file my_file-v9.cif (mmCIF, N, CA, C and O atoms)
data_protein
loop_
_atom_site.label_atom_id
_atom_site.label_comp_id
_atom_site.auth_asym_id
_atom_site.auth_seq_id
_atom_site.Cartn_x
_atom_site.Cartn_y
_atom_site.Cartn_z
N MET A 1 0.84 -1.17 0.00
CA MET A 1 0.00 0.00 0.00
C MET A 1 0.89 1.25 0.00
O MET A 1 1.83 1.34 0.77
N ALA A 2 0.60 2.21 -0.88
CA ALA A 2 1.37 3.44 -0.97
C ALA A 2 0.96 4.39 0.15
O ALA A 2 -0.19 4.43 0.56
N THR A 3 1.92 5.17 0.62
CA THR A 3 1.61 6.16 1.65
C THR A 3 1.46 7.52 0.99
O THR A 3 2.17 7.85 0.04
N LEU A 4 0.54 8.30 1.50
CA LEU A 4 0.32 9.64 0.98
C LEU A 4 1.29 10.61 1.63
O LEU A 4 1.64 10.45 2.81
N PRO A 5 1.74 11.62 0.90
CA PRO A 5 2.63 12.60 1.50
C PRO A 5 1.89 13.37 2.60
O PRO A 5 0.70 13.61 2.51
N THR A 6 2.62 13.75 3.62
CA THR A 6 2.02 14.48 4.73
C THR A 6 2.03 15.98 4.51
O THR A 6 1.24 16.70 5.09
N GLU A 7 2.93 16.47 3.68
CA GLU A 7 3.02 17.90 3.39
C GLU A 7 2.27 18.21 2.10
O GLU A 7 2.35 17.44 1.14
N PRO A 8 1.55 19.34 2.03
CA PRO A 8 0.87 19.70 0.79
C PRO A 8 1.87 20.06 -0.29
O PRO A 8 2.95 20.57 -0.01
N LEU A 9 1.51 19.78 -1.52
CA LEU A 9 2.35 20.11 -2.65
C LEU A 9 2.31 21.61 -2.88
O LEU A 9 1.25 22.21 -2.92
N GLN A 10 3.46 22.23 -2.99
CA GLN A 10 3.55 23.66 -3.22
C GLN A 10 3.80 23.92 -4.70
O GLN A 10 4.81 23.51 -5.24
N ILE A 11 2.86 24.59 -5.36
CA ILE A 11 3.02 24.95 -6.77
C ILE A 11 3.15 26.46 -6.83
O ILE A 11 2.26 27.18 -6.42
N THR A 12 4.28 26.91 -7.34
CA THR A 12 4.50 28.35 -7.42
C THR A 12 4.11 28.90 -8.78
O THR A 12 3.74 30.06 -8.90
N GLU A 13 4.17 28.14 -9.81
CA GLU A 13 3.79 28.55 -11.16
C GLU A 13 2.72 27.60 -11.67
O GLU A 13 2.82 26.39 -11.46
N PRO A 14 1.71 28.12 -12.37
CA PRO A 14 0.72 27.21 -12.95
C PRO A 14 1.37 26.34 -14.01
O PRO A 14 2.32 26.75 -14.68
N LEU A 15 0.87 25.13 -14.15
CA LEU A 15 1.40 24.23 -15.16
C LEU A 15 0.89 24.65 -16.53
O LEU A 15 -0.32 24.74 -16.75
N ARG A 16 1.80 24.95 -17.41
CA ARG A 16 1.43 25.41 -18.74
C ARG A 16 2.28 24.69 -19.77
O ARG A 16 3.43 24.37 -19.54
N GLY A 17 1.69 24.50 -20.92
CA GLY A 17 2.41 23.89 -22.03
C GLY A 17 3.34 24.88 -22.70
O GLY A 17 3.26 26.09 -22.48
N ARG A 18 4.20 24.37 -23.52
CA ARG A 18 5.15 25.20 -24.23
C ARG A 18 4.48 26.24 -25.12
O ARG A 18 4.99 27.34 -25.28
N ASN A 19 3.34 25.89 -25.69
CA ASN A 19 2.66 26.77 -26.62
C ASN A 19 1.64 27.68 -25.96
O ASN A 19 0.89 28.37 -26.64
N ASP A 20 1.59 27.70 -24.66
CA ASP A 20 0.64 28.53 -23.93
C ASP A 20 1.15 29.97 -23.90
O ASP A 20 2.18 30.25 -23.31
N THR A 21 0.44 30.87 -24.54
CA THR A 21 0.87 32.26 -24.61
C THR A 21 0.03 33.17 -23.71
O THR A 21 0.15 34.39 -23.80
N ARG A 22 -0.79 32.57 -22.84
CA ARG A 22 -1.62 33.39 -21.96
C ARG A 22 -0.75 34.17 -20.99
O ARG A 22 0.30 33.70 -20.55
N ARG A 23 -1.21 35.35 -20.63
CA ARG A 23 -0.50 36.19 -19.68
C ARG A 23 -1.28 36.23 -18.38
O ARG A 23 -2.51 36.37 -18.39
N ASN A 24 -0.58 36.11 -17.28
CA ASN A 24 -1.22 36.20 -15.97
C ASN A 24 -1.55 37.66 -15.70
O ASN A 24 -0.66 38.51 -15.70
N LEU A 25 -2.82 37.97 -15.47
CA LEU A 25 -3.25 39.34 -15.25
C LEU A 25 -3.13 39.77 -13.80
O LEU A 25 -3.11 40.96 -13.50
N VAL A 26 -3.04 38.81 -12.90
CA VAL A 26 -2.92 39.11 -11.47
C VAL A 26 -1.55 39.73 -11.22
O VAL A 26 -0.53 39.21 -11.65
N GLY A 27 -1.53 40.86 -10.55
CA GLY A 27 -0.28 41.55 -10.24
C GLY A 27 0.01 42.71 -11.16
O GLY A 27 0.92 43.50 -10.89
N LEU A 28 -0.77 42.85 -12.24
CA LEU A 28 -0.57 43.99 -13.13
C LEU A 28 -1.19 45.23 -12.51
O LEU A 28 -2.20 45.16 -11.82
N SER A 29 -0.58 46.38 -12.78
CA SER A 29 -1.19 47.64 -12.35
C SER A 29 -2.43 47.88 -13.21
O SER A 29 -2.61 47.23 -14.25
N ARG A 30 -3.24 48.82 -12.82
CA ARG A 30 -4.45 49.10 -13.61
C ARG A 30 -4.08 49.55 -15.02
O ARG A 30 -4.71 49.15 -15.99
N ASP A 31 -3.04 50.37 -15.14
CA ASP A 31 -2.60 50.82 -16.47
C ASP A 31 -2.04 49.67 -17.30
O ASP A 31 -2.29 49.60 -18.50
N GLU A 32 -1.27 48.79 -16.66
CA GLU A 32 -0.74 47.63 -17.38
C GLU A 32 -1.86 46.71 -17.86
O GLU A 32 -1.81 46.18 -18.97
N LEU A 33 -2.87 46.55 -17.01
CA LEU A 33 -4.01 45.71 -17.38
C LEU A 33 -4.75 46.32 -18.57
O LEU A 33 -5.09 45.62 -19.52
N LYS A 34 -4.96 47.63 -18.54
CA LYS A 34 -5.63 48.32 -19.64
C LYS A 34 -4.84 48.17 -20.93
O LYS A 34 -5.40 47.86 -21.98
N THR A 35 -3.53 48.36 -20.86
CA THR A 35 -2.68 48.23 -22.04
C THR A 35 -2.74 46.80 -22.58
O THR A 35 -2.88 46.59 -23.79
N THR A 36 -2.64 45.82 -21.70
CA THR A 36 -2.66 44.41 -22.11
C THR A 36 -3.96 44.05 -22.81
O THR A 36 -3.96 43.41 -23.86
N LEU A 37 -5.08 44.47 -22.23
CA LEU A 37 -6.38 44.12 -22.81
C LEU A 37 -6.65 44.87 -24.12
O LEU A 37 -7.21 44.29 -25.05
N THR A 38 -6.25 46.13 -24.19
CA THR A 38 -6.48 46.86 -25.45
C THR A 38 -5.56 46.33 -26.56
O THR A 38 -5.98 46.28 -27.71
N GLU A 39 -4.34 45.92 -26.21
CA GLU A 39 -3.46 45.31 -27.21
C GLU A 39 -4.03 43.99 -27.71
O GLU A 39 -3.75 43.58 -28.83
N ALA A 40 -4.83 43.34 -26.87
CA ALA A 40 -5.48 42.08 -27.26
C ALA A 40 -6.76 42.34 -28.05
O ALA A 40 -7.45 41.40 -28.43
N GLY A 41 -7.09 43.63 -28.27
CA GLY A 41 -8.25 43.96 -29.07
C GLY A 41 -9.54 44.17 -28.30
O GLY A 41 -10.61 44.26 -28.89
N LEU A 42 -9.45 44.26 -26.98
CA LEU A 42 -10.65 44.49 -26.16
C LEU A 42 -10.84 45.98 -25.89
O LEU A 42 -9.89 46.76 -25.97
N GLU A 43 -12.05 46.35 -25.54
CA GLU A 43 -12.37 47.73 -25.23
C GLU A 43 -11.65 48.15 -23.94
O GLU A 43 -11.52 47.35 -23.01
N PRO A 44 -11.21 49.42 -23.85
CA PRO A 44 -10.49 49.88 -22.64
C PRO A 44 -11.28 49.72 -21.35
O PRO A 44 -10.70 49.45 -20.29
N PHE A 45 -12.62 49.85 -21.40
CA PHE A 45 -13.40 49.74 -20.16
C PHE A 45 -13.38 48.33 -19.58
O PHE A 45 -13.70 48.13 -18.41
N ARG A 46 -13.01 47.34 -20.36
CA ARG A 46 -12.94 45.97 -19.86
C ARG A 46 -11.89 45.85 -18.75
O ARG A 46 -12.03 45.03 -17.84
N ALA A 47 -10.86 46.67 -18.82
CA ALA A 47 -9.81 46.64 -17.79
C ALA A 47 -10.40 46.96 -16.42
O ALA A 47 -10.06 46.32 -15.43
N ARG A 48 -11.30 47.94 -16.36
CA ARG A 48 -11.93 48.29 -15.09
C ARG A 48 -12.76 47.14 -14.57
O ARG A 48 -12.73 46.81 -13.37
N GLN A 49 -13.50 46.50 -15.47
CA GLN A 49 -14.34 45.37 -15.06
C GLN A 49 -13.47 44.23 -14.51
O GLN A 49 -13.75 43.70 -13.42
N VAL A 50 -12.45 43.85 -15.23
CA VAL A 50 -11.58 42.75 -14.81
C VAL A 50 -10.85 43.12 -13.52
O VAL A 50 -10.72 42.30 -12.61
N TRP A 51 -10.38 44.36 -13.42
CA TRP A 51 -9.69 44.83 -12.21
C TRP A 51 -10.58 44.66 -10.98
O TRP A 51 -10.13 44.16 -9.95
N GLN A 52 -11.84 45.07 -11.12
CA GLN A 52 -12.76 44.96 -9.99
C GLN A 52 -12.96 43.51 -9.57
O GLN A 52 -12.98 43.21 -8.38
N TRP A 53 -13.10 42.61 -10.52
CA TRP A 53 -13.29 41.20 -10.17
C TRP A 53 -12.07 40.63 -9.48
O TRP A 53 -12.19 39.91 -8.48
N ILE A 54 -10.90 40.96 -9.99
CA ILE A 54 -9.67 40.39 -9.42
C ILE A 54 -9.38 40.98 -8.05
O ILE A 54 -9.12 40.25 -7.09
N TYR A 55 -9.41 42.31 -7.94
CA TYR A 55 -8.93 42.96 -6.72
C TYR A 55 -10.01 43.31 -5.71
O TYR A 55 -9.71 43.48 -4.53
N TRP A 56 -11.25 43.42 -6.10
CA TRP A 56 -12.32 43.69 -5.14
C TRP A 56 -12.99 42.41 -4.69
O TRP A 56 -13.30 42.24 -3.52
N HIS A 57 -13.22 41.51 -5.63
CA HIS A 57 -13.96 40.29 -5.32
C HIS A 57 -13.06 39.07 -5.15
O HIS A 57 -13.52 38.03 -4.68
N GLY A 58 -11.80 39.17 -5.57
CA GLY A 58 -10.88 38.04 -5.44
C GLY A 58 -11.18 36.92 -6.45
O GLY A 58 -10.78 35.78 -6.23
N ILE A 59 -11.85 37.24 -7.53
CA ILE A 59 -12.24 36.26 -8.55
C ILE A 59 -11.23 36.29 -9.70
O ILE A 59 -10.97 37.36 -10.26
N THR A 60 -10.67 35.15 -10.03
CA THR A 60 -9.74 35.08 -11.16
C THR A 60 -10.26 34.16 -12.26
O THR A 60 -9.61 34.02 -13.29
N ASP A 61 -11.43 33.59 -12.06
CA ASP A 61 -12.06 32.74 -13.07
C ASP A 61 -12.94 33.62 -13.95
O ASP A 61 -13.93 34.19 -13.49
N PHE A 62 -12.55 33.77 -15.22
CA PHE A 62 -13.29 34.65 -16.11
C PHE A 62 -14.76 34.23 -16.24
O PHE A 62 -15.62 35.08 -16.44
N GLY A 63 -15.05 32.98 -16.13
CA GLY A 63 -16.41 32.49 -16.23
C GLY A 63 -17.33 33.04 -15.16
O GLY A 63 -18.55 33.07 -15.32
N LEU A 64 -16.78 33.49 -14.06
CA LEU A 64 -17.57 34.03 -12.95
C LEU A 64 -17.73 35.54 -13.00
O LEU A 64 -18.42 36.12 -12.17
N MET A 65 -17.10 36.19 -13.96
CA MET A 65 -17.16 37.65 -14.09
C MET A 65 -18.43 38.03 -14.85
O MET A 65 -18.41 38.30 -16.04
N THR A 66 -19.54 38.07 -14.11
CA THR A 66 -20.86 38.12 -14.73
C THR A 66 -21.20 39.44 -15.43
O THR A 66 -22.11 39.46 -16.25
N ASN A 67 -20.51 40.53 -15.14
CA ASN A 67 -20.81 41.77 -15.85
C ASN A 67 -19.94 41.95 -17.10
O ASN A 67 -20.01 42.97 -17.76
N VAL A 68 -19.16 40.94 -17.41
CA VAL A 68 -18.36 40.92 -18.64
C VAL A 68 -19.12 40.02 -19.63
O VAL A 68 -19.58 38.94 -19.27
N ALA A 69 -19.24 40.50 -20.86
CA ALA A 69 -19.98 39.74 -21.88
C ALA A 69 -19.42 38.33 -22.03
O ALA A 69 -18.21 38.12 -21.94
N LYS A 70 -20.31 37.36 -22.22
CA LYS A 70 -19.91 35.95 -22.34
C LYS A 70 -18.86 35.76 -23.42
O LYS A 70 -17.88 35.05 -23.22
N LYS A 71 -19.04 36.40 -24.55
CA LYS A 71 -18.09 36.29 -25.65
C LYS A 71 -16.70 36.79 -25.22
O LYS A 71 -15.68 36.18 -25.54
N THR A 72 -16.69 37.88 -24.45
CA THR A 72 -15.42 38.44 -23.96
C THR A 72 -14.81 37.51 -22.92
O THR A 72 -13.59 37.31 -22.90
N ARG A 73 -15.63 36.96 -22.02
CA ARG A 73 -15.12 36.02 -21.01
C ARG A 73 -14.48 34.82 -21.68
O ARG A 73 -13.41 34.36 -21.25
N ASP A 74 -15.12 34.29 -22.71
CA ASP A 74 -14.56 33.15 -23.43
C ASP A 74 -13.22 33.51 -24.07
O ASP A 74 -12.28 32.73 -24.04
N ARG A 75 -13.15 34.71 -24.60
CA ARG A 75 -11.90 35.16 -25.22
C ARG A 75 -10.80 35.33 -24.19
O ARG A 75 -9.65 34.98 -24.43
N LEU A 76 -11.14 35.88 -23.02
CA LEU A 76 -10.15 36.06 -21.97
C LEU A 76 -9.63 34.72 -21.46
O LEU A 76 -8.45 34.58 -21.16
N ALA A 77 -10.51 33.75 -21.35
CA ALA A 77 -10.12 32.44 -20.85
C ALA A 77 -9.16 31.78 -21.82
O ALA A 77 -8.26 31.08 -21.45
#
call {"tool": "encode", "arguments": {"input": "my_file-v9.cif", "output": "structure tokens"}}
result
Amino acid sequence: MATLPTEPLQITEPLRGRNDTRRNLVGLSRDELKTTLTEAGLEPFRARQVWQWIYWHGITDFGLMTNVAKKTRDRLA
């Protein structure tokens, strides 16, 4: 019978494939977030919406950002 580890596994970076070009938005300043999203072709006001979800509500799952259009949430994900 195998024994389970007693210490939790510590993951400092999310597991991503070599071809994953997604950028982590957590930790960006509001201006950096606005620049990143507008460079990706989104409207500038989306930065405020995403900022509020991340920093006011603690939500990082785009699917839960209900005031962001579904099409935009899918694109962000």
call {"tool": "residues_near_point", "arguments": {"input": "my_file-v9.cif", "point": "(-11.8, 42.6, -19.9)", "cutoff": "8 Å", "atoms": "only C-alpha atoms", "output": "PyMOL selection string"}}
result
chain A and resi 37+42-50+68+72-73+76
call {"tool": "resolve_selection", "arguments": {"input": "my_file-v9.cif", "expression": "the PyMOL selection byres (((chain A and resi 23-30 and name CA) around 10) and name CA)", "output": "count of residues only"}}
result
20
call {"tool": "atom_distance", "arguments": {"input": "my_file-v9.cif", "atom1": "atom O of Gly58 in chain A", "atom2": "atom O of Thr38 in chain A"}}
result
24.4 Å
call {"tool": "atom_distance", "arguments": {"input": "my_file-v9.cif", "atom1": "atom C of Ala69 in chain A", "atom2": "atom O of His57 in chain A"}}
result
18.3 Å
call {"tool": "atom_distance", "arguments": {"input": "my_file-v9.cif", "atom1": "CA of Lys71 in chain A", "atom2": "atom O of Trp53 in chain A"}}
result
18.5 Å
call {"tool": "select_by_dssp", "arguments": {"input": "my_file-v9.cif", "residues": "range 18-71 of chain A", "states": "alpha helix (DSSP H)", "output": "JSON, numbers by chain"}}
result
{"A": [30, 31, 32, 33, 34, 35, 36, 37, 38, 39, 45, 46, 47, 48, 49, 50, 51, 52, 53, 54, 55, 70, 71]}
call {"tool": "axis_aligned_box", "arguments": {"input": "my_file-v9.cif", "around": "range 58-70 of chain A", "padding_each_side": "8 Å", "output": "JSON"}}
result
{"center_x": -15.9, "center_y": 37.7, "center_z": -14.4, "size_x": 28.5, "size_y": 26.5, "size_z": 34.0}
